[in-house]
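A.B. asks: Right, I'll just put the structure down here and ask away after.
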Amino acid sequence: MLTTLLVAVIYLIFISLGLPDSLLGAGWPVMQGYFNVPSSYAGYVSMTVSFMTIISALLSPKLMSRFHTKWIVIVSILLSAFGLIGYSVATEYWMLFIFAIPYGLGAGAIDASINNYVAVNYSSSIMNFLHCFYGLGAMISPYIMATALKYAKWNQGYTWTAYLQLGIMFICILSLPLWKKNEEGKEEEESGCASISETLKVKGVIYTLIAFFGYCAGEATCFLWTASYFAGTKSGLSAELIASFASLIFGGLMLGRIISGFISNKLDDKTLIRIGTLVELIGVIMLFIPSEGYLISAIGFVVIGTGMGPIYPSIQHMAPINFGKKYSATVISLQMASAYVGSTFMPMVFGNLQMILGIEIMPVYVLIFLVLTISFMEITYIAIGKK
């Protein structure tokens, strides 16, 4: 019973992790006008958040060796809430960069520590459901922003989300005894973390980092630019409807992870990744179908998200099996850093490309990173097989 309650709290933590991730993409078409900056400037803000997550992810092995996961989580949620409140009071574009710092630091530390905790202590099914709840949080926030745009201002979207974060942090504080009970008789999950330099020498690690970079580059581009894609390719849509389109990719992610959670005990992580990339490819192809309406493209983004669903959690759940528990915490932290390199630079690169070539090139851009991901995952399997 206590273990079940702790799993529920961990799921709630991942809802909090997902909540802020789609706010910028959903609100940017309006925020751009408020700050009077070009559309591509969203990429710079996103880049700052991701850069800070890279720093916190690289620091995570040391943090996990000194502090328990539960304390890392509580402090990280507090940092995230502070960043969101800062966004809500920003009156100048440059202020977004200041408050991106605490938000990014909090997000990276939560991601690495909780993923390692679950990869070591729980099944692949739990891992997929965990990331499903991330998708739930990320799917909720565009509707929060859409509601704010309809009844208040974009600032309130950030304020309301910050309140939700603080509520989840309070629940985490109440759950502190559960972590101790769950680990009675177990070896501490943070013990024995290998160094980064040592971990990088393990066969297959570099390849999986490149694959993770490719996956998160495509994912982050969809997170940030889906709403703008509809604004730029479809005419006659309201600001509220455009903002809600940002939830399509997150809804697909949640669906994909729900399905994966139910079938992951019958299919291994490698098979789930291969199926996911195939489904994602189908979704990308749908975006190439000419249509004046938005329905086919909307379905295409849901299918893309569904295919993406099992890729992220399956790669991370494989870490203890592929590289051993000694290396798993550091491998996952490096994966997070590599992922955020993709999240940091690739949406910004796309922002500049779409200003030159048009935002309709988005399907091609996403396809490139899909090919990169599956190629280097297959190379990883080959390298691990030769160990």
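We label chains A, B, ... in the order they appear in the structure tokens, count residues from 1 in each chain, and number ligands from 1 in the order shown.
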Residues within 12 Å of A:Ala8, please, as a tab-separated table (two decimals) with all heavy atoms, in the first residue's frame. Count only C-alpha atoms; anything in the same chain fewer than 4 positions from it doesn't count.

C.D. replies:
```
chain	number	residue	atom	x	y	z
A	1	MET	N	0.83	-1.21	0.00
A	1	MET	CA	0.00	0.00	0.00
A	1	MET	C	0.86	1.26	0.00
A	1	MET	O	0.63	2.21	-0.77
A	1	MET	CB	-0.91	-0.01	1.23
A	1	MET	CG	-1.80	1.22	1.34
A	1	MET	SD	-2.97	1.33	-0.05
A	1	MET	CE	-3.88	2.79	0.39
A	2	LEU	N	1.90	1.28	0.86
A	2	LEU	CA	2.78	2.44	0.94
A	2	LEU	C	3.55	2.63	-0.37
A	2	LEU	O	3.76	3.75	-0.83
A	2	LEU	CB	3.75	2.30	2.11
A	2	LEU	CG	3.12	2.35	3.51
A	2	LEU	CD1	4.16	2.09	4.58
A	2	LEU	CD2	2.43	3.69	3.74
A	3	THR	N	3.97	1.49	-0.98
A	3	THR	CA	4.67	1.56	-2.26
A	3	THR	C	3.77	2.15	-3.34
A	3	THR	O	4.21	2.96	-4.16
A	3	THR	CB	5.16	0.17	-2.68
A	3	THR	OG1	6.03	-0.33	-1.67
A	3	THR	CG2	5.90	0.24	-4.00
A	4	THR	N	2.49	1.74	-3.33
A	4	THR	CA	1.53	2.26	-4.31
A	4	THR	C	1.33	3.76	-4.13
A	4	THR	O	1.26	4.51	-5.12
A	4	THR	CB	0.18	1.54	-4.16
A	4	THR	OG1	0.37	0.13	-4.33
A	4	THR	CG2	-0.82	2.03	-5.20
A	12	LEU	N	2.61	12.19	-9.77
A	12	LEU	CA	2.23	13.58	-9.59
A	12	LEU	C	3.42	14.51	-9.84
A	12	LEU	O	3.28	15.60	-10.40
A	12	LEU	CB	1.68	13.78	-8.18
A	12	LEU	CG	0.93	15.09	-7.90
A	12	LEU	CD1	-0.29	15.22	-8.81
A	12	LEU	CD2	0.50	15.14	-6.44
A	13	ILE	N	4.62	14.08	-9.41
A	13	ILE	CA	5.83	14.86	-9.64
A	13	ILE	C	6.07	15.05	-11.13
A	13	ILE	O	6.46	16.13	-11.58
A	13	ILE	CB	7.05	14.16	-8.99
A	13	ILE	CG1	6.94	14.23	-7.46
A	13	ILE	CG2	8.36	14.79	-9.46
A	13	ILE	CD1	7.93	13.34	-6.74
A	14	PHE	N	5.79	14.00	-11.92
A	14	PHE	CA	6.01	14.13	-13.36
A	14	PHE	C	4.92	14.96	-14.02
A	14	PHE	O	5.15	15.55	-15.07
A	14	PHE	CB	6.16	12.75	-14.01
A	14	PHE	CG	7.56	12.48	-14.44
A	14	PHE	CD1	8.60	12.50	-13.53
A	14	PHE	CD2	7.88	12.25	-15.77
A	14	PHE	CE1	9.91	12.28	-13.92
A	14	PHE	CE2	9.18	12.04	-16.18
A	14	PHE	CZ	10.20	12.06	-15.26
A	15	ILE	N	3.73	15.04	-13.44
A	15	ILE	CA	2.75	16.00	-13.93
A	15	ILE	C	3.30	17.41	-13.75
A	15	ILE	O	3.21	18.26	-14.65
A	15	ILE	CB	1.40	15.85	-13.18
A	15	ILE	CG1	0.72	14.54	-13.59
A	15	ILE	CG2	0.48	17.03	-13.49
A	15	ILE	CD1	-0.59	14.28	-12.86
A	126	ILE	N	5.93	0.82	-15.24
A	126	ILE	CA	5.87	1.99	-14.36
A	126	ILE	C	6.57	3.18	-15.03
A	126	ILE	O	6.09	4.32	-14.97
A	126	ILE	CB	6.53	1.69	-13.01
A	126	ILE	CG1	5.74	0.61	-12.26
A	126	ILE	CG2	6.63	2.95	-12.16
A	126	ILE	CD1	4.37	1.02	-11.82
A	129	PHE	N	4.27	4.64	-17.75
A	129	PHE	CA	3.17	5.38	-17.14
A	129	PHE	C	3.66	6.67	-16.51
A	129	PHE	O	2.96	7.68	-16.52
A	129	PHE	CB	2.45	4.52	-16.10
A	129	PHE	CG	1.51	3.50	-16.68
A	129	PHE	CD1	1.59	2.17	-16.33
A	129	PHE	CD2	0.53	3.88	-17.59
A	129	PHE	CE1	0.73	1.23	-16.88
A	129	PHE	CE2	-0.34	2.96	-18.14
A	129	PHE	CZ	-0.24	1.62	-17.78
A	130	LEU	N	4.89	6.63	-15.97
A	130	LEU	CA	5.49	7.84	-15.40
A	130	LEU	C	5.56	8.95	-16.44
A	130	LEU	O	5.12	10.08	-16.21
A	130	LEU	CB	6.89	7.52	-14.87
A	130	LEU	CG	7.71	8.70	-14.34
A	130	LEU	CD1	7.10	9.23	-13.06
A	130	LEU	CD2	9.16	8.28	-14.11
A	133	PHE	N	2.32	10.53	-17.45
A	133	PHE	CA	1.85	11.61	-16.59
A	133	PHE	C	2.58	12.91	-16.88
A	133	PHE	O	2.03	14.00	-16.68
A	133	PHE	CB	1.98	11.22	-15.12
A	133	PHE	CG	0.84	10.35	-14.65
A	133	PHE	CD1	0.89	8.98	-14.81
A	133	PHE	CD2	-0.29	10.91	-14.10
A	133	PHE	CE1	-0.16	8.17	-14.40
A	133	PHE	CE2	-1.35	10.11	-13.69
A	133	PHE	CZ	-1.29	8.74	-13.84
A	168	ILE	N	1.59	20.79	-5.62
A	168	ILE	CA	2.26	19.49	-5.77
A	168	ILE	C	3.47	19.41	-4.84
A	168	ILE	O	3.74	18.36	-4.24
A	168	ILE	CB	2.67	19.27	-7.24
A	168	ILE	CG1	1.42	19.09	-8.11
A	168	ILE	CG2	3.58	18.05	-7.38
A	168	ILE	CD1	1.69	19.07	-9.60
A	171	ILE	N	2.30	18.43	-1.43
A	171	ILE	CA	2.01	16.99	-1.35
A	171	ILE	C	3.30	16.19	-1.22
A	171	ILE	O	3.37	15.21	-0.47
A	171	ILE	CB	1.20	16.55	-2.59
A	171	ILE	CG1	-0.19	17.20	-2.57
A	171	ILE	CG2	1.09	15.02	-2.65
A	171	ILE	CD1	-0.99	16.96	-3.82
A	172	CYS	N	4.34	16.60	-1.94
A	172	CYS	CA	5.64	15.92	-1.84
A	172	CYS	C	6.21	16.01	-0.42
A	172	CYS	O	6.80	15.04	0.08
A	172	CYS	CB	6.64	16.52	-2.83
A	172	CYS	SG	6.26	16.15	-4.55
A	175	SER	N	4.58	13.56	1.72
A	175	SER	CA	4.91	12.17	1.36
A	175	SER	C	6.29	11.73	1.82
A	175	SER	O	6.69	10.59	1.56
A	175	SER	CB	4.81	11.99	-0.16
A	175	SER	OG	5.92	12.60	-0.82
A	178	LEU	N	6.98	8.22	3.14
A	178	LEU	CA	6.79	7.10	2.21
A	178	LEU	C	8.10	6.66	1.57
A	178	LEU	O	8.31	5.48	1.32
A	178	LEU	CB	5.78	7.48	1.12
A	178	LEU	CG	4.35	7.81	1.56
A	178	LEU	CD1	3.51	8.24	0.36
A	178	LEU	CD2	3.71	6.61	2.26
A	179	TRP	N	8.97	7.62	1.28
A	179	TRP	CA	10.25	7.28	0.63
A	179	TRP	C	11.09	6.39	1.54
A	179	TRP	O	11.69	5.42	1.10
A	179	TRP	CB	11.02	8.56	0.30
A	179	TRP	CG	10.33	9.45	-0.69
A	179	TRP	CD1	9.32	10.32	-0.42
A	179	TRP	CD2	10.58	9.56	-2.09
A	179	TRP	NE1	8.93	10.98	-1.56
A	179	TRP	CE2	9.70	10.53	-2.61
A	179	TRP	CE3	11.49	8.94	-2.95
A	179	TRP	CZ2	9.68	10.89	-3.94
A	179	TRP	CZ3	11.48	9.31	-4.29
A	179	TRP	CH2	10.59	10.26	-4.78
```

A.B. asks: Give me the residues near A:Tyr143 as a PyMOL selection string, where near means some atom within 9 Å (using only C-alpha atoms) and where sequence neighbours in that chain fewer than 5 positions away do not count.

C.D. replies: chain A and resi 26+148+157+240+243-244+246-247

A.B. asks: Would you save the residues from that selection as an mmCIF file, in the first residue's frame, using N, CA and C atoms?

C.D. replies:
```cif
data_model
loop_
_atom_site.group_PDB
_atom_site.id
_atom_site.type_symbol
_atom_site.label_atom_id
_atom_site.label_comp_id
_atom_site.auth_asym_id
_atom_site.auth_seq_id
_atom_site.Cartn_x
_atom_site.Cartn_y
_atom_site.Cartn_z
ATOM 1 N N ALA A 26 2.311 27.588 -26.324
ATOM 2 C CA ALA A 26 0.891 27.916 -26.421
ATOM 3 C C ALA A 26 0.647 29.418 -26.360
ATOM 4 N N ALA A 148 -6.647 31.363 -19.942
ATOM 5 C CA ALA A 148 -6.136 32.672 -19.539
ATOM 6 C C ALA A 148 -6.298 33.692 -20.662
ATOM 7 N N GLY A 157 -1.863 32.612 -17.155
ATOM 8 C CA GLY A 157 -1.567 31.215 -17.463
ATOM 9 C C GLY A 157 -0.354 30.725 -16.675
ATOM 10 N N GLU A 240 -7.309 31.539 -29.362
ATOM 11 C CA GLU A 240 -7.568 30.483 -28.390
ATOM 12 C C GLU A 240 -7.428 29.104 -29.019
ATOM 13 N N ALA A 243 -3.738 28.334 -29.695
ATOM 14 C CA ALA A 243 -3.047 27.980 -28.449
ATOM 15 C C ALA A 243 -3.349 26.542 -28.047
ATOM 16 N N SER A 244 -4.595 26.102 -28.240
ATOM 17 C CA SER A 244 -4.969 24.741 -27.838
ATOM 18 C C SER A 244 -4.285 23.678 -28.693
ATOM 19 N N ALA A 246 -1.278 23.439 -29.303
ATOM 20 C CA ALA A 246 -0.014 23.061 -28.669
ATOM 21 C C ALA A 246 -0.159 21.792 -27.849
ATOM 22 N N SER A 247 -1.389 21.450 -27.466
ATOM 23 C CA SER A 247 -1.609 20.249 -26.651
ATOM 24 C C SER A 247 -1.670 18.977 -27.485
#
```

A.B. asks: Applying 7 Å and only C-alpha atoms, which residues near stretch 323-334 of chain A remain after dropping the ones on its own chain fewer than 2 positions away? List them as a PyMOL selection string.

C.D. replies: chain A and resi 57-58+60-61+112+116+192-196+199+316+319-321+336-338

A.B. asks: Quick one: pick out all alpha helix (DSSP H) residues within stretch 29-208 of chain A from a backbone DSSP run and write them as a short mmCIF file (atom, residue, chain, number, x, y, z; two decimals) with C-alpha atoms, in the first residue's frame.

C.D. replies:
```
data_model
loop_
_atom_site.label_atom_id
_atom_site.label_comp_id
_atom_site.auth_asym_id
_atom_site.auth_seq_id
_atom_site.Cartn_x
_atom_site.Cartn_y
_atom_site.Cartn_z
CA PRO A 29 1.70 33.91 -30.61
CA VAL A 30 0.19 36.44 -28.14
CA MET A 31 3.33 37.01 -26.04
CA GLN A 32 5.26 37.89 -29.20
CA GLY A 33 2.98 40.84 -29.78
CA TYR A 34 3.07 41.86 -26.11
CA PHE A 35 6.87 42.01 -26.07
CA ALA A 42 10.73 32.16 -28.53
CA GLY A 43 13.64 29.90 -29.43
CA TYR A 44 16.08 32.00 -27.41
CA VAL A 45 13.96 31.77 -24.28
CA SER A 46 13.52 28.03 -24.76
CA MET A 47 17.27 27.74 -25.32
CA THR A 48 17.99 29.43 -22.00
CA VAL A 49 15.69 27.06 -20.11
CA SER A 50 17.28 24.06 -21.77
CA PHE A 51 20.82 25.35 -21.16
CA MET A 52 20.12 25.53 -17.44
CA THR A 53 18.70 22.01 -17.49
CA ILE A 54 21.96 20.81 -19.09
CA ILE A 55 23.89 22.27 -16.18
CA SER A 56 21.63 20.71 -13.55
CA ALA A 57 21.59 17.35 -15.36
CA LEU A 58 25.40 17.25 -15.42
CA LEU A 59 25.44 18.10 -11.71
CA SER A 60 22.83 15.42 -10.93
CA PRO A 61 25.26 12.49 -10.33
CA LYS A 62 26.99 14.51 -7.61
CA LEU A 63 23.66 15.69 -6.20
CA MET A 64 22.31 12.14 -6.14
CA SER A 65 25.42 10.91 -4.34
CA ARG A 66 24.99 13.55 -1.61
CA THR A 69 15.94 12.00 -4.45
CA LYS A 70 13.03 13.34 -2.37
CA TRP A 71 14.96 16.47 -1.35
CA ILE A 72 16.16 17.10 -4.90
CA VAL A 73 12.54 16.92 -6.05
CA ILE A 74 11.15 19.34 -3.46
CA VAL A 75 13.80 22.00 -4.06
CA SER A 76 13.49 21.60 -7.83
CA ILE A 77 9.71 22.10 -7.83
CA LEU A 78 10.18 25.24 -5.73
CA LEU A 79 12.69 26.59 -8.27
CA SER A 80 10.29 25.80 -11.12
CA ALA A 81 7.39 27.60 -9.40
CA PHE A 82 9.58 30.64 -8.76
CA GLY A 83 10.52 30.77 -12.45
CA LEU A 84 6.86 30.59 -13.52
CA ILE A 85 5.86 33.39 -11.17
CA GLY A 86 8.70 35.43 -12.63
CA TYR A 87 7.37 34.83 -16.15
CA SER A 88 3.93 36.03 -15.04
CA VAL A 89 5.27 39.40 -13.86
CA TYR A 93 11.37 40.41 -23.10
CA TRP A 94 14.78 40.28 -21.38
CA MET A 95 13.11 39.44 -18.06
CA LEU A 96 12.08 36.05 -19.45
CA PHE A 97 15.75 35.07 -19.56
CA ILE A 98 16.25 35.89 -15.87
CA PHE A 99 13.40 33.68 -14.72
CA ALA A 100 14.30 30.91 -17.17
CA ILE A 101 17.33 30.20 -14.95
CA PRO A 102 15.53 28.80 -11.85
CA TYR A 103 12.95 27.03 -13.99
CA GLY A 104 15.61 25.25 -16.05
CA LEU A 105 17.73 24.29 -13.04
CA GLY A 106 14.73 22.73 -11.35
CA ALA A 107 13.54 20.79 -14.39
CA GLY A 108 16.87 19.08 -15.10
CA ALA A 109 17.44 17.89 -11.53
CA ILE A 110 13.95 16.38 -11.23
CA ASP A 111 14.18 14.65 -14.58
CA ALA A 112 17.50 12.92 -13.95
CA SER A 113 16.90 11.92 -10.32
CA ILE A 114 13.36 10.55 -10.71
CA ASN A 115 14.15 8.71 -13.95
CA ASN A 116 17.08 6.96 -12.31
CA TYR A 117 15.04 6.16 -9.19
CA VAL A 118 12.30 4.54 -11.26
CA ALA A 119 14.70 2.79 -13.69
CA VAL A 120 16.47 1.11 -10.77
CA ASN A 121 13.47 0.35 -8.56
CA SER A 124 9.28 -0.69 -17.66
CA SER A 125 5.50 -0.41 -17.30
CA ILE A 126 5.87 1.99 -14.36
CA MET A 127 8.44 4.00 -16.36
CA ASN A 128 6.10 4.38 -19.34
CA PHE A 129 3.17 5.38 -17.14
CA LEU A 130 5.49 7.84 -15.40
CA HIS A 131 6.22 9.62 -18.66
CA CYS A 132 2.54 9.38 -19.57
CA PHE A 133 1.85 11.61 -16.59
CA TYR A 134 4.49 14.03 -17.86
CA GLY A 135 2.44 14.16 -21.06
CA LEU A 136 -0.71 14.76 -19.00
CA GLY A 137 0.90 17.77 -17.34
CA ALA A 138 2.18 19.10 -20.66
CA MET A 139 -1.25 18.60 -22.26
CA ILE A 140 -3.06 20.45 -19.47
CA SER A 141 -1.01 23.63 -19.64
CA PRO A 142 -2.04 24.74 -23.17
CA TYR A 143 -5.64 24.67 -21.97
CA ILE A 144 -4.63 26.70 -18.92
CA MET A 145 -3.04 29.22 -21.27
CA ALA A 146 -6.04 29.15 -23.64
CA THR A 147 -8.37 29.82 -20.69
CA ALA A 148 -6.14 32.67 -19.54
CA LEU A 149 -6.16 34.19 -23.03
CA LYS A 150 -9.95 33.97 -23.18
CA TYR A 151 -10.84 35.26 -19.72
CA TRP A 154 -1.35 35.36 -20.87
CA ASN A 155 0.36 36.26 -17.59
CA GLN A 156 -2.35 34.45 -15.63
CA GLY A 157 -1.57 31.21 -17.46
CA TYR A 158 1.85 31.23 -15.79
CA THR A 159 0.44 32.32 -12.42
CA TRP A 160 -2.15 29.54 -12.29
CA THR A 161 0.45 26.95 -13.29
CA ALA A 162 2.79 28.17 -10.54
CA TYR A 163 0.02 27.67 -7.98
CA LEU A 164 -0.42 24.09 -9.19
CA GLN A 165 3.34 23.53 -8.81
CA LEU A 166 3.29 24.78 -5.23
CA GLY A 167 0.36 22.50 -4.43
CA ILE A 168 2.26 19.49 -5.77
CA MET A 169 5.33 20.51 -3.76
CA PHE A 170 3.21 20.54 -0.59
CA ILE A 171 2.01 16.99 -1.35
CA CYS A 172 5.64 15.92 -1.84
CA ILE A 173 6.50 17.30 1.58
CA LEU A 174 3.65 15.31 3.13
CA LEU A 176 8.44 12.26 2.85
CA PRO A 177 7.83 9.26 5.20
CA LEU A 178 6.79 7.10 2.21
CA TRP A 179 10.25 7.28 0.63
CA LYS A 180 11.88 5.92 3.79
CA LYS A 181 9.37 3.08 4.08
CA ASN A 182 9.81 2.15 0.43
CA ILE A 196 31.17 11.14 -16.16
CA SER A 197 34.59 10.48 -17.72
CA GLU A 198 34.44 6.82 -16.70
CA THR A 199 30.89 6.39 -17.98
CA LEU A 200 31.66 7.90 -21.39
CA VAL A 205 26.99 5.24 -24.21
CA ILE A 206 28.09 7.85 -26.79
CA TYR A 207 25.71 6.41 -29.40
CA THR A 208 22.72 6.47 -27.07
#
```

A.B. asks: Nearest residue to A:Gly256 out of A:Gly204, A:Gly236, A:Gly307, A:Gly18, using only C-alpha atoms?

C.D. replies: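 Nearest to A:Gly256: A:Gly307.
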
A.B. asks: List the spatial neighbours of stretch 374-387 of chain A as a list in words - criterion: any atom at most 10 Å away, only C-alpha atoms, same-chain residues fewer than 4 positions off excluded.

C.D. replies: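 Result of the neighbour search: Val202, Lys203, Gly204, Val205, Ile206, Tyr207, Thr208, Leu209, Ile210, Ala211, Phe212, Gly214, Tyr215, Lys270, Ile273, Arg274, Gly276, Thr277, Leu278, Ile311, Ile315, Asn322, Phe323, Phe369 and Leu370 of chain A.
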
A.B. asks: Could the residues in this selection be written to a file with N, CA and C atoms, as a PDB file, in the first residue's frame?

C.D. replies:
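Okay, this is what ended up in result.pdb:
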```
ATOM      1  N   VAL A 202      32.301   3.648 -21.591  1.00  0.00           N
ATOM      2  CA  VAL A 202      31.538   2.405 -21.724  1.00  0.00           C
ATOM      3  C   VAL A 202      30.965   2.317 -23.139  1.00  0.00           C
ATOM      4  N   LYS A 203      31.113   1.163 -23.766  1.00  0.00           N
ATOM      5  CA  LYS A 203      30.640   0.981 -25.145  1.00  0.00           C
ATOM      6  C   LYS A 203      29.134   1.221 -25.256  1.00  0.00           C
ATOM      7  N   GLY A 204      28.766   1.987 -26.252  1.00  0.00           N
ATOM      8  CA  GLY A 204      27.364   2.252 -26.533  1.00  0.00           C
ATOM      9  C   GLY A 204      26.830   3.526 -25.911  1.00  0.00           C
ATOM     10  N   VAL A 205      27.503   4.059 -24.893  1.00  0.00           N
ATOM     11  CA  VAL A 205      26.994   5.241 -24.206  1.00  0.00           C
ATOM     12  C   VAL A 205      26.954   6.449 -25.146  1.00  0.00           C
ATOM     13  N   ILE A 206      28.035   6.697 -25.878  1.00  0.00           N
ATOM     14  CA  ILE A 206      28.090   7.848 -26.788  1.00  0.00           C
ATOM     15  C   ILE A 206      26.970   7.766 -27.830  1.00  0.00           C
ATOM     16  N   TYR A 207      26.731   6.571 -28.364  1.00  0.00           N
ATOM     17  CA  TYR A 207      25.710   6.412 -29.400  1.00  0.00           C
ATOM     18  C   TYR A 207      24.313   6.697 -28.860  1.00  0.00           C
ATOM     19  N   THR A 208      24.053   6.230 -27.631  1.00  0.00           N
ATOM     20  CA  THR A 208      22.720   6.467 -27.066  1.00  0.00           C
ATOM     21  C   THR A 208      22.518   7.953 -26.745  1.00  0.00           C
ATOM     22  N   LEU A 209      23.618   8.655 -26.463  1.00  0.00           N
ATOM     23  CA  LEU A 209      23.510  10.092 -26.229  1.00  0.00           C
ATOM     24  C   LEU A 209      23.149  10.829 -27.517  1.00  0.00           C
ATOM     25  N   ILE A 210      23.728  10.394 -28.642  1.00  0.00           N
ATOM     26  CA  ILE A 210      23.393  11.013 -29.932  1.00  0.00           C
ATOM     27  C   ILE A 210      21.929  10.738 -30.293  1.00  0.00           C
ATOM     28  N   ALA A 211      21.490   9.506 -30.038  1.00  0.00           N
ATOM     29  CA  ALA A 211      20.090   9.159 -30.311  1.00  0.00           C
ATOM     30  C   ALA A 211      19.149  10.000 -29.459  1.00  0.00           C
ATOM     31  N   PHE A 212      19.512  10.200 -28.204  1.00  0.00           N
ATOM     32  CA  PHE A 212      18.688  10.993 -27.307  1.00  0.00           C
ATOM     33  C   PHE A 212      18.649  12.452 -27.752  1.00  0.00           C
ATOM     34  N   GLY A 214      18.863  13.465 -30.850  1.00  0.00           N
ATOM     35  CA  GLY A 214      17.978  13.517 -32.003  1.00  0.00           C
ATOM     36  C   GLY A 214      16.513  13.464 -31.612  1.00  0.00           C
ATOM     37  N   TYR A 215      16.199  12.569 -30.659  1.00  0.00           N
ATOM     38  CA  TYR A 215      14.800  12.451 -30.241  1.00  0.00           C
ATOM     39  C   TYR A 215      14.295  13.759 -29.642  1.00  0.00           C
ATOM     40  N   LYS A 270      13.491  -2.361 -26.580  1.00  0.00           N
ATOM     41  CA  LYS A 270      13.981  -2.206 -27.945  1.00  0.00           C
ATOM     42  C   LYS A 270      12.834  -2.257 -28.955  1.00  0.00           C
ATOM     43  N   ILE A 273      10.682   0.918 -28.859  1.00  0.00           N
ATOM     44  CA  ILE A 273      11.324   2.044 -29.544  1.00  0.00           C
ATOM     45  C   ILE A 273      11.132   1.934 -31.050  1.00  0.00           C
ATOM     46  N   ARG A 274      11.302   0.739 -31.592  1.00  0.00           N
ATOM     47  CA  ARG A 274      11.149   0.551 -33.037  1.00  0.00           C
ATOM     48  C   ARG A 274       9.717   0.796 -33.488  1.00  0.00           C
ATOM     49  N   GLY A 276       7.545   2.687 -31.944  1.00  0.00           N
ATOM     50  CA  GLY A 276       7.296   4.114 -31.760  1.00  0.00           C
ATOM     51  C   GLY A 276       7.803   4.952 -32.915  1.00  0.00           C
ATOM     52  N   THR A 277       9.007   4.660 -33.399  1.00  0.00           N
ATOM     53  CA  THR A 277       9.555   5.437 -34.510  1.00  0.00           C
ATOM     54  C   THR A 277       8.757   5.222 -35.791  1.00  0.00           C
ATOM     55  N   LEU A 278       8.239   4.011 -35.989  1.00  0.00           N
ATOM     56  CA  LEU A 278       7.411   3.743 -37.164  1.00  0.00           C
ATOM     57  C   LEU A 278       6.114   4.544 -37.111  1.00  0.00           C
ATOM     58  N   ILE A 311       9.489   6.162 -26.722  1.00  0.00           N
ATOM     59  CA  ILE A 311      10.923   6.258 -27.033  1.00  0.00           C
ATOM     60  C   ILE A 311      11.731   6.756 -25.841  1.00  0.00           C
ATOM     61  N   ILE A 315      14.290   4.246 -23.621  1.00  0.00           N
ATOM     62  CA  ILE A 315      15.737   4.441 -23.664  1.00  0.00           C
ATOM     63  C   ILE A 315      16.293   4.544 -22.255  1.00  0.00           C
ATOM     64  N   ASN A 322      21.474  -2.203 -19.788  1.00  0.00           N
ATOM     65  CA  ASN A 322      22.510  -2.112 -20.820  1.00  0.00           C
ATOM     66  C   ASN A 322      23.885  -1.765 -20.263  1.00  0.00           C
ATOM     67  N   PHE A 323      23.911  -0.920 -19.236  1.00  0.00           N
ATOM     68  CA  PHE A 323      25.196  -0.398 -18.767  1.00  0.00           C
ATOM     69  C   PHE A 323      25.504  -0.720 -17.305  1.00  0.00           C
ATOM     70  N   PHE A 369      15.398  14.447 -37.638  1.00  0.00           N
ATOM     71  CA  PHE A 369      15.787  13.999 -36.306  1.00  0.00           C
ATOM     72  C   PHE A 369      15.210  12.628 -35.969  1.00  0.00           C
ATOM     73  N   LEU A 370      14.085  12.286 -36.564  1.00  0.00           N
ATOM     74  CA  LEU A 370      13.548  10.941 -36.399  1.00  0.00           C
ATOM     75  C   LEU A 370      14.514   9.906 -36.971  1.00  0.00           C
TER      76      LEU A 370
END
```

A.B. asks: Kindly give the distance, in Å, that separates atom CA of A:Thr221 and atom CA of A:Gly351, rounded to a single decimal.

C.D. replies: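 Answer for the atom CA of A:Thr221 to atom CA of A:Gly351 separation: 8.9 Å.
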
A.B. asks: For A:Ile359, please output as a PDB file with C-alpha atoms, in the first residue's frame all residues within 12 Å (counting only C-alpha atoms; exclusion window: fewer than 4 positions along the same chain).

C.D. replies:
```
ATOM      1  CA  SER A  39       8.448  35.062 -33.707  1.00  0.00           C
ATOM      2  CA  SER A  40      11.868  33.363 -33.669  1.00  0.00           C
ATOM      3  CA  THR A 221      10.639  21.552 -31.901  1.00  0.00           C
ATOM      4  CA  CYS A 222       7.100  20.154 -31.846  1.00  0.00           C
ATOM      5  CA  TRP A 225       6.346  25.417 -32.753  1.00  0.00           C
ATOM      6  CA  THR A 226       3.163  23.338 -33.212  1.00  0.00           C
ATOM      7  CA  ALA A 227       0.829  26.231 -32.383  1.00  0.00           C
ATOM      8  CA  SER A 228       2.839  28.572 -34.603  1.00  0.00           C
ATOM      9  CA  TYR A 229       2.770  25.954 -37.405  1.00  0.00           C
ATOM     10  CA  PHE A 230      -1.037  26.147 -37.474  1.00  0.00           C
ATOM     11  CA  ALA A 231      -0.954  29.942 -37.193  1.00  0.00           C
ATOM     12  CA  GLY A 232       1.376  30.126 -40.195  1.00  0.00           C
ATOM     13  CA  THR A 233      -0.178  27.459 -42.446  1.00  0.00           C
ATOM     14  CA  LYS A 234      -3.917  27.704 -41.697  1.00  0.00           C
ATOM     15  CA  PRO A 347      14.077  24.741 -31.784  1.00  0.00           C
ATOM     16  CA  PHE A 350      14.226  25.949 -36.636  1.00  0.00           C
ATOM     17  CA  GLY A 351      12.956  29.374 -35.553  1.00  0.00           C
ATOM     18  CA  ASN A 352      15.558  31.041 -37.738  1.00  0.00           C
ATOM     19  CA  LEU A 353      15.075  28.621 -40.637  1.00  0.00           C
ATOM     20  CA  GLN A 354      11.316  29.125 -40.713  1.00  0.00           C
ATOM     21  CA  MET A 355      11.788  32.877 -40.980  1.00  0.00           C
ATOM     22  CA  PRO A 363       7.666  18.235 -41.149  1.00  0.00           C
ATOM     23  CA  VAL A 364      11.010  17.917 -42.972  1.00  0.00           C
ATOM     24  CA  TYR A 365      12.875  19.205 -39.935  1.00  0.00           C
ATOM     25  CA  VAL A 366      11.168  16.712 -37.597  1.00  0.00           C
TER      26      VAL A 366
END
```

A.B. asks: Just to confirm, what's the straight-line distance from atom CA of A:Pro313 to atom CA of A:Glu280 in Å (one decimal)?

C.D. replies: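 Spanning atom CA of A:Pro313 to atom CA of A:Glu280 is a straight-line distance of 15.4 Å.
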